[in-house]
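Asker: If it helps, the file is called input_26.pdb and holds PDB, C-alpha atoms and all ligand atoms:
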```pdb
ATOM      1  CA  MET B   1     109.846  93.818 100.332  1.00  0.00           C
ATOM      2  CA  THR B   2     109.736  97.584  99.994  1.00  0.00           C
ATOM      3  CA  ALA B   3     110.953  99.301 103.153  1.00  0.00           C
ATOM      4  CA  ILE B   4     109.202 102.663 103.529  1.00  0.00           C
ATOM      5  CA  THR B   5     110.683 103.521 106.933  1.00  0.00           C
ATOM      6  CA  GLU B   6     113.308 101.854 109.099  1.00  0.00           C
ATOM      7  CA  HIS B   7     110.921  99.320 110.638  1.00  0.00           C
ATOM      8  CA  PHE B   8     108.000  99.100 108.206  1.00  0.00           C
ATOM      9  CA  THR B   9     107.505  97.763 104.701  1.00  0.00           C
ATOM     10  CA  LEU B  10     104.722  98.671 102.283  1.00  0.00           C
ATOM     11  CA  GLU B  11     103.662  94.999 102.242  1.00  0.00           C
ATOM     12  CA  GLU B  12     102.925  95.053 105.985  1.00  0.00           C
ATOM     13  CA  PHE B  13     100.190  97.598 105.268  1.00  0.00           C
ATOM     14  CA  THR B  14      98.724  95.924 102.179  1.00  0.00           C
ATOM     15  CA  ARG B  15      98.911  92.169 102.727  1.00  0.00           C
ATOM     16  CA  SER B  16      95.677  90.459 103.689  1.00  0.00           C
ATOM     17  CA  ASP B  17      94.849  86.767 103.992  1.00  0.00           C
ATOM     18  CA  LYS B  18      91.210  87.623 103.317  1.00  0.00           C
ATOM     19  CA  ALA B  19      92.091  89.446 100.090  1.00  0.00           C
ATOM     20  CA  ARG B  20      94.260  86.542  98.941  1.00  0.00           C
ATOM     21  CA  ILE B  21      91.564  83.965  99.691  1.00  0.00           C
ATOM     22  CA  LEU B  22      88.893  86.029  97.931  1.00  0.00           C
ATOM     23  CA  GLY B  23      91.145  86.973  95.014  1.00  0.00           C
ATOM     24  CA  ILE B  24      90.878  90.706  95.797  1.00  0.00           C
ATOM     25  CA  ASP B  25      93.679  92.905  94.435  1.00  0.00           C
ATOM     26  CA  ASN B  26      94.566  95.155  97.391  1.00  0.00           C
ATOM     27  CA  THR B  27      97.251  97.132  95.541  1.00  0.00           C
ATOM     28  CA  PRO B  28      97.114 100.799  96.628  1.00  0.00           C
ATOM     29  CA  VAL B  29      97.063 103.731  94.182  1.00  0.00           C
ATOM     30  CA  PRO B  30      99.884 106.306  94.582  1.00  0.00           C
ATOM     31  CA  ALA B  31      97.796 108.675  96.743  1.00  0.00           C
ATOM     32  CA  VAL B  32      97.176 105.823  99.189  1.00  0.00           C
ATOM     33  CA  VAL B  33     100.866 104.850  99.146  1.00  0.00           C
ATOM     34  CA  ALA B  34     101.664 108.459 100.113  1.00  0.00           C
ATOM     35  CA  ASN B  35      99.297 108.142 103.088  1.00  0.00           C
ATOM     36  CA  LEU B  36     100.829 104.788 104.048  1.00  0.00           C
ATOM     37  CA  ARG B  37     104.255 106.435 104.065  1.00  0.00           C
ATOM     38  CA  ARG B  38     102.923 109.061 106.484  1.00  0.00           C
ATOM     39  CA  LEU B  39     101.332 106.301 108.570  1.00  0.00           C
ATOM     40  CA  ALA B  40     104.626 104.361 108.666  1.00  0.00           C
ATOM     41  CA  ARG B  41     106.476 107.495 109.804  1.00  0.00           C
ATOM     42  CA  PHE B  42     103.846 107.986 112.505  1.00  0.00           C
ATOM     43  CA  ASN B  43     104.175 104.330 113.507  1.00  0.00           C
ATOM     44  CA  GLU B  44     107.914 104.874 114.042  1.00  0.00           C
ATOM     45  CA  LEU B  45     106.984 107.447 116.729  1.00  0.00           C
ATOM     46  CA  VAL B  46     104.454 105.038 118.223  1.00  0.00           C
ATOM     47  CA  ARG B  47     107.079 102.279 118.232  1.00  0.00           C
ATOM     48  CA  LEU B  48     109.452 104.532 120.163  1.00  0.00           C
ATOM     49  CA  GLU B  49     106.665 105.298 122.640  1.00  0.00           C
ATOM     50  CA  LEU B  50     106.301 101.517 123.102  1.00  0.00           C
ATOM     51  CA  GLY B  51     109.958 101.105 124.040  1.00  0.00           C
ATOM     52  CA  SER B  52     110.839 100.022 120.487  1.00  0.00           C
ATOM     53  CA  ALA B  53     108.614  96.948 120.760  1.00  0.00           C
ATOM     54  CA  ALA B  54     107.774  95.437 117.372  1.00  0.00           C
ATOM     55  CA  MET B  55     104.321  96.338 116.061  1.00  0.00           C
ATOM     56  CA  VAL B  56     102.452  93.483 114.399  1.00  0.00           C
ATOM     57  CA  ILE B  57     100.070  94.949 111.814  1.00  0.00           C
ATOM     58  CA  SER B  58      96.976  92.851 111.146  1.00  0.00           C
ATOM     59  CA  SER B  59      95.263  95.312 108.801  1.00  0.00           C
ATOM     60  CA  GLY B  60      96.428  98.477 107.082  1.00  0.00           C
ATOM     61  CA  TYR B  61      95.120  99.564 103.706  1.00  0.00           C
ATOM     62  CA  ARG B  62      91.822  98.066 102.554  1.00  0.00           C
ATOM     63  CA  CYS B  63      90.555  98.604  99.035  1.00  0.00           C
ATOM     64  CA  PRO B  64      86.733  99.007  98.900  1.00  0.00           C
ATOM     65  CA  ALA B  65      86.144  95.322  98.053  1.00  0.00           C
ATOM     66  CA  LEU B  66      88.336  94.140 100.928  1.00  0.00           C
ATOM     67  CA  ASN B  67      86.792  96.649 103.333  1.00  0.00           C
ATOM     68  CA  ARG B  68      83.319  95.319 102.448  1.00  0.00           C
ATOM     69  CA  ALA B  69      84.560  91.720 102.815  1.00  0.00           C
ATOM     70  CA  VAL B  70      85.795  92.340 106.369  1.00  0.00           C
ATOM     71  CA  GLY B  71      82.705  94.350 107.339  1.00  0.00           C
ATOM     72  CA  GLY B  72      84.633  97.606 107.750  1.00  0.00           C
ATOM     73  CA  ALA B  73      82.829 100.926 108.191  1.00  0.00           C
ATOM     74  CA  SER B  74      81.998 102.555 104.850  1.00  0.00           C
ATOM     75  CA  ASN B  75      83.973 105.669 105.856  1.00  0.00           C
ATOM     76  CA  SER B  76      86.860 103.669 107.379  1.00  0.00           C
ATOM     77  CA  ALA B  77      90.255 105.394 107.446  1.00  0.00           C
ATOM     78  CA  HIS B  78      91.650 102.032 106.283  1.00  0.00           C
ATOM     79  CA  LEU B  79      90.197 102.864 102.823  1.00  0.00           C
ATOM     80  CA  ASP B  80      92.571 105.826 102.514  1.00  0.00           C
ATOM     81  CA  GLY B  81      95.618 104.113 104.003  1.00  0.00           C
ATOM     82  CA  LEU B  82      95.342 106.360 107.053  1.00  0.00           C
ATOM     83  CA  ALA B  83      94.817 103.674 109.706  1.00  0.00           C
ATOM     84  CA  ASN B  84      96.219 100.375 110.869  1.00  0.00           C
ATOM     85  CA  ASP B  85      95.217  97.684 113.325  1.00  0.00           C
ATOM     86  CA  PHE B  86      98.034  96.200 115.361  1.00  0.00           C
ATOM     87  CA  THR B  87      99.284  94.547 118.508  1.00  0.00           C
ATOM     88  CA  ALA B  88     102.706  94.760 120.131  1.00  0.00           C
ATOM     89  CA  PRO B  89     103.011  91.664 122.346  1.00  0.00           C
ATOM     90  CA  ALA B  90     106.533  92.567 123.477  1.00  0.00           C
ATOM     91  CA  PHE B  91     105.159  95.786 124.988  1.00  0.00           C
ATOM     92  CA  GLY B  92     101.938  94.481 126.541  1.00  0.00           C
ATOM     93  CA  THR B  93      98.235  94.029 125.937  1.00  0.00           C
ATOM     94  CA  PRO B  94      96.239  96.169 123.489  1.00  0.00           C
ATOM     95  CA  MET B  95      94.856  98.020 126.543  1.00  0.00           C
ATOM     96  CA  ASP B  96      98.411  98.701 127.780  1.00  0.00           C
ATOM     97  CA  ILE B  97      99.245 100.057 124.322  1.00  0.00           C
ATOM     98  CA  CYS B  98      96.130 102.235 124.132  1.00  0.00           C
ATOM     99  CA  GLN B  99      96.775 103.727 127.566  1.00  0.00           C
ATOM    100  CA  LYS B 100     100.395 104.472 126.651  1.00  0.00           C
ATOM    101  CA  ILE B 101      99.446 106.162 123.375  1.00  0.00           C
ATOM    102  CA  GLU B 102      96.601 108.124 124.966  1.00  0.00           C
ATOM    103  CA  LYS B 103      99.008 109.531 127.585  1.00  0.00           C
ATOM    104  CA  SER B 104     101.659 110.374 124.966  1.00  0.00           C
ATOM    105  CA  TYR B 105     102.120 113.564 122.960  1.00  0.00           C
ATOM    106  CA  LEU B 106     101.255 111.680 119.748  1.00  0.00           C
ATOM    107  CA  GLN B 107      98.873 113.550 117.472  1.00  0.00           C
ATOM    108  CA  PHE B 108      96.722 110.668 116.268  1.00  0.00           C
ATOM    109  CA  ASP B 109      93.301 111.186 114.737  1.00  0.00           C
ATOM    110  CA  GLN B 110      91.624 108.109 116.240  1.00  0.00           C
ATOM    111  CA  LEU B 111      92.749 105.551 118.778  1.00  0.00           C
ATOM    112  CA  ILE B 112      90.341 102.653 119.198  1.00  0.00           C
ATOM    113  CA  TYR B 113      90.531  99.745 121.629  1.00  0.00           C
ATOM    114  CA  GLU B 114      88.743  97.050 119.624  1.00  0.00           C
ATOM    115  CA  ARG B 115      87.434  93.678 120.713  1.00  0.00           C
ATOM    116  CA  ALA B 116      85.595  91.111 118.574  1.00  0.00           C
ATOM    117  CA  GLY B 117      85.185  87.711 120.199  1.00  0.00           C
ATOM    118  CA  SER B 118      88.585  86.636 121.480  1.00  0.00           C
ATOM    119  CA  ALA B 119      90.432  89.031 119.135  1.00  0.00           C
ATOM    120  CA  ILE B 120      91.680  92.260 120.692  1.00  0.00           C
ATOM    121  CA  TRP B 121      93.664  94.906 118.849  1.00  0.00           C
ATOM    122  CA  VAL B 122      94.532  98.591 118.617  1.00  0.00           C
ATOM    123  CA  HIS B 123      93.174 100.688 115.737  1.00  0.00           C
ATOM    124  CA  LEU B 124      95.261 103.775 115.178  1.00  0.00           C
ATOM    125  CA  GLY B 125      94.432 106.380 112.570  1.00  0.00           C
ATOM    126  CA  ILE B 126      96.122 109.584 111.485  1.00  0.00           C
ATOM    127  CA  ALA B 127      94.457 112.662 110.010  1.00  0.00           C
ATOM    128  CA  ALA B 128      94.620 113.363 106.290  1.00  0.00           C
ATOM    129  CA  GLU B 129      97.392 115.735 105.203  1.00  0.00           C
ATOM    130  CA  GLY B 130      96.564 119.268 106.374  1.00  0.00           C
ATOM    131  CA  VAL B 131      93.679 118.145 108.602  1.00  0.00           C
ATOM    132  CA  LYS B 132      93.813 118.697 112.371  1.00  0.00           C
ATOM    133  CA  PRO B 133      94.053 115.381 114.272  1.00  0.00           C
ATOM    134  CA  ARG B 134      91.028 114.853 116.542  1.00  0.00           C
ATOM    135  CA  ARG B 135      92.871 112.743 119.120  1.00  0.00           C
ATOM    136  CA  GLN B 136      89.654 110.813 119.593  1.00  0.00           C
ATOM    137  CA  VAL B 137      89.813 107.790 121.938  1.00  0.00           C
ATOM    138  CA  LEU B 138      87.133 105.088 121.651  1.00  0.00           C
ATOM    139  CA  THR B 139      86.332 101.524 122.641  1.00  0.00           C
ATOM    140  CA  ILE B 140      84.446  99.300 120.189  1.00  0.00           C
ATOM    141  CA  ASP B 141      83.242  95.906 121.404  1.00  0.00           C
ATOM    142  CA  SER B 142      80.092  93.819 121.711  1.00  0.00           C
ATOM    143  CA  LYS B 143      78.495  96.648 123.721  1.00  0.00           C
ATOM    144  CA  GLY B 144      78.941  99.074 120.818  1.00  0.00           C
ATOM    145  CA  THR B 145      81.065 102.224 120.547  1.00  0.00           C
ATOM    146  CA  ARG B 146      82.000 104.169 123.676  1.00  0.00           C
ATOM    147  CA  VAL B 147      84.174 107.194 124.299  1.00  0.00           C
ATOM    148  CA  GLY B 148      87.328 106.370 126.267  1.00  0.00           C
ATOM    149  CA  LEU B 149      89.114 103.109 127.052  1.00  0.00           C
ATOM    150  CA  TRP B 150      86.975 100.377 128.597  1.00  0.00           C
ATOM    151  CA  ASN B 151      87.859  96.792 129.466  1.00  0.00           C
TER     152      ASN B 151
HETATM  153 ZN    ZN B 201      91.009  99.413 112.162  1.00  0.00          ZN
END
```
Any chance you could give the structure as structure tokens?
Ligand SMILES: [Zn+2]
Answerer:
Amino acid sequence: MTAITEHFTLEEFTRSDKARILGIDNTPVPAVVANLRRLARFNELVRLELGSAAMVISSGYRCPALNRAVGGASNSAHLDGLANDFTAPAFGTPMDICQKIEKSYLQFDQLIYERAGSAIWVHLGIAAEGVKPRRQVLTIDSKGTRVGLWN
């Protein structure tokens, strides 16, 4: 395990059951690793905002083949290692997390409350180096994409 910050390892951002099952090599190139390091540092701030609750990352970096396999958007920030999907059960529900992050000072690029069937998670993306974070807040579920947080 390669720790990249106090509470996050590189593997947490790159491991994928789907990739393993499909035989996809999801190893990031150095530029993506640099982004994942920035994302991990950002996550440390998020973790503090969540009362130091552990963040469980379900998806971080996705190489193009993996992103296609999971039906990710073709311009997904996951492709650049700039976004991760997570829950933090010790803090609360994904909606609790989204509301807490939205109200915080955190300069995220995109915060998305995502629901697909019974799965609910938080998508959090940071802006590329030198790019102004949009602080965009969205909900994506069976009704489509909406601005703001909707249950
Ligand atoms: Zn995502």
Asker: Between B:Ser58, B:Gln110, B:Ser118, B:Thr145, which is the closest to Ser16 in chain B once you count all atoms listed in the file?
Answerer: B:Ser58
Asker: Evaluate the PyMOL selection byres (((chain B and resi 98) around 12) and not hetatm) here and jot the selected residues down as a PyMOL selection string.
Answerer: chain B and resi 46+49-50+85-88+91-97+99-104+106+108+110-114+120-124+136-139+148-151
Asker: Hey, what comes out of the PyMOL selection byres (((chain B and resi 45) around 12) and not hetatm) on this file? Could you write it as a list in words?
Answerer: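 Checking the PyMOL selection byres (((chain B and resi 45) around 12) and not hetatm) against this file, the residues are Thr5, Glu6, His7, Phe8, Arg38, Leu39, Ala40, Arg41, Phe42, Asn43, Glu44, Val46, Arg47, Leu48, Glu49, Leu50, Gly51, Ser52, Ala53, Met55, Ile101, Ser104, Tyr105, Leu106, Gln107 and Phe108 of chain B.
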Asker: Grab the CA of Gly23 in chain B to CA of Tyr61 in chain B distance for me, in Å with one decimal place.
Answerer: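 Spanning CA of Gly23 in chain B to CA of Tyr61 in chain B is a straight-line distance of 15.8 Å.
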Asker: Can you tell me, as JSON, the centre and edge lengths (Å, one decimal) of the axis-aligned box enclosing all of range 4-21 of chain B's listed atoms after padding each side by 5 Å?
Answerer:
```
{"center_x": 102.3, "center_y": 93.7, "center_z": 104.8, "size_x": 32.1, "size_y": 29.6, "size_z": 21.7}
```
Asker: What does the structure give for the distance between CA of Ala128 in chain B and CA of Thr27 in chain B, in Å to one decimal?
Answerer: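 CA of Thr27 in chain B lies at a distance of 19.6 Å from CA of Ala128 in chain B.
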Asker: One decimal, in Å: what's the spacing between CA of Ala90 in chain B and CA of Gly125 in chain B?
Answerer: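 Atom-to-atom, CA of Ala90 in chain B to CA of Gly125 in chain B, that is 21.4 Å.
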Asker: Please write as a PyMOL selection string the full residue list that the PyMOL selection byres (((chain B and resi 10) around 10) and not hetatm) yields on this file.
Answerer: chain B and resi 1-5+8-9+11-15+28+33+36-37+40+60-61
Asker: Name all residues at most 10 Å from Ala65 in chain B (count only C-alpha atoms; drop same-chain ones fewer than 3 positions away) and give them as a list in words.
Answerer: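 Neighbouring residues, sequence-local ones excluded: Ala19, Leu22, Ile24, Asp25, Asn26, Arg62, Arg68, Ala69, Val70, Gly71 and Leu79 of chain B.
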Asker: Env of Asn75 in chain B: 12 Å cut, atoms = all atoms listed in the file, seq-sep filter 6 positions within chain, self excluded. Answer as number ranges by chain.
Answerer: B: 62-64, 67-68, 81-83
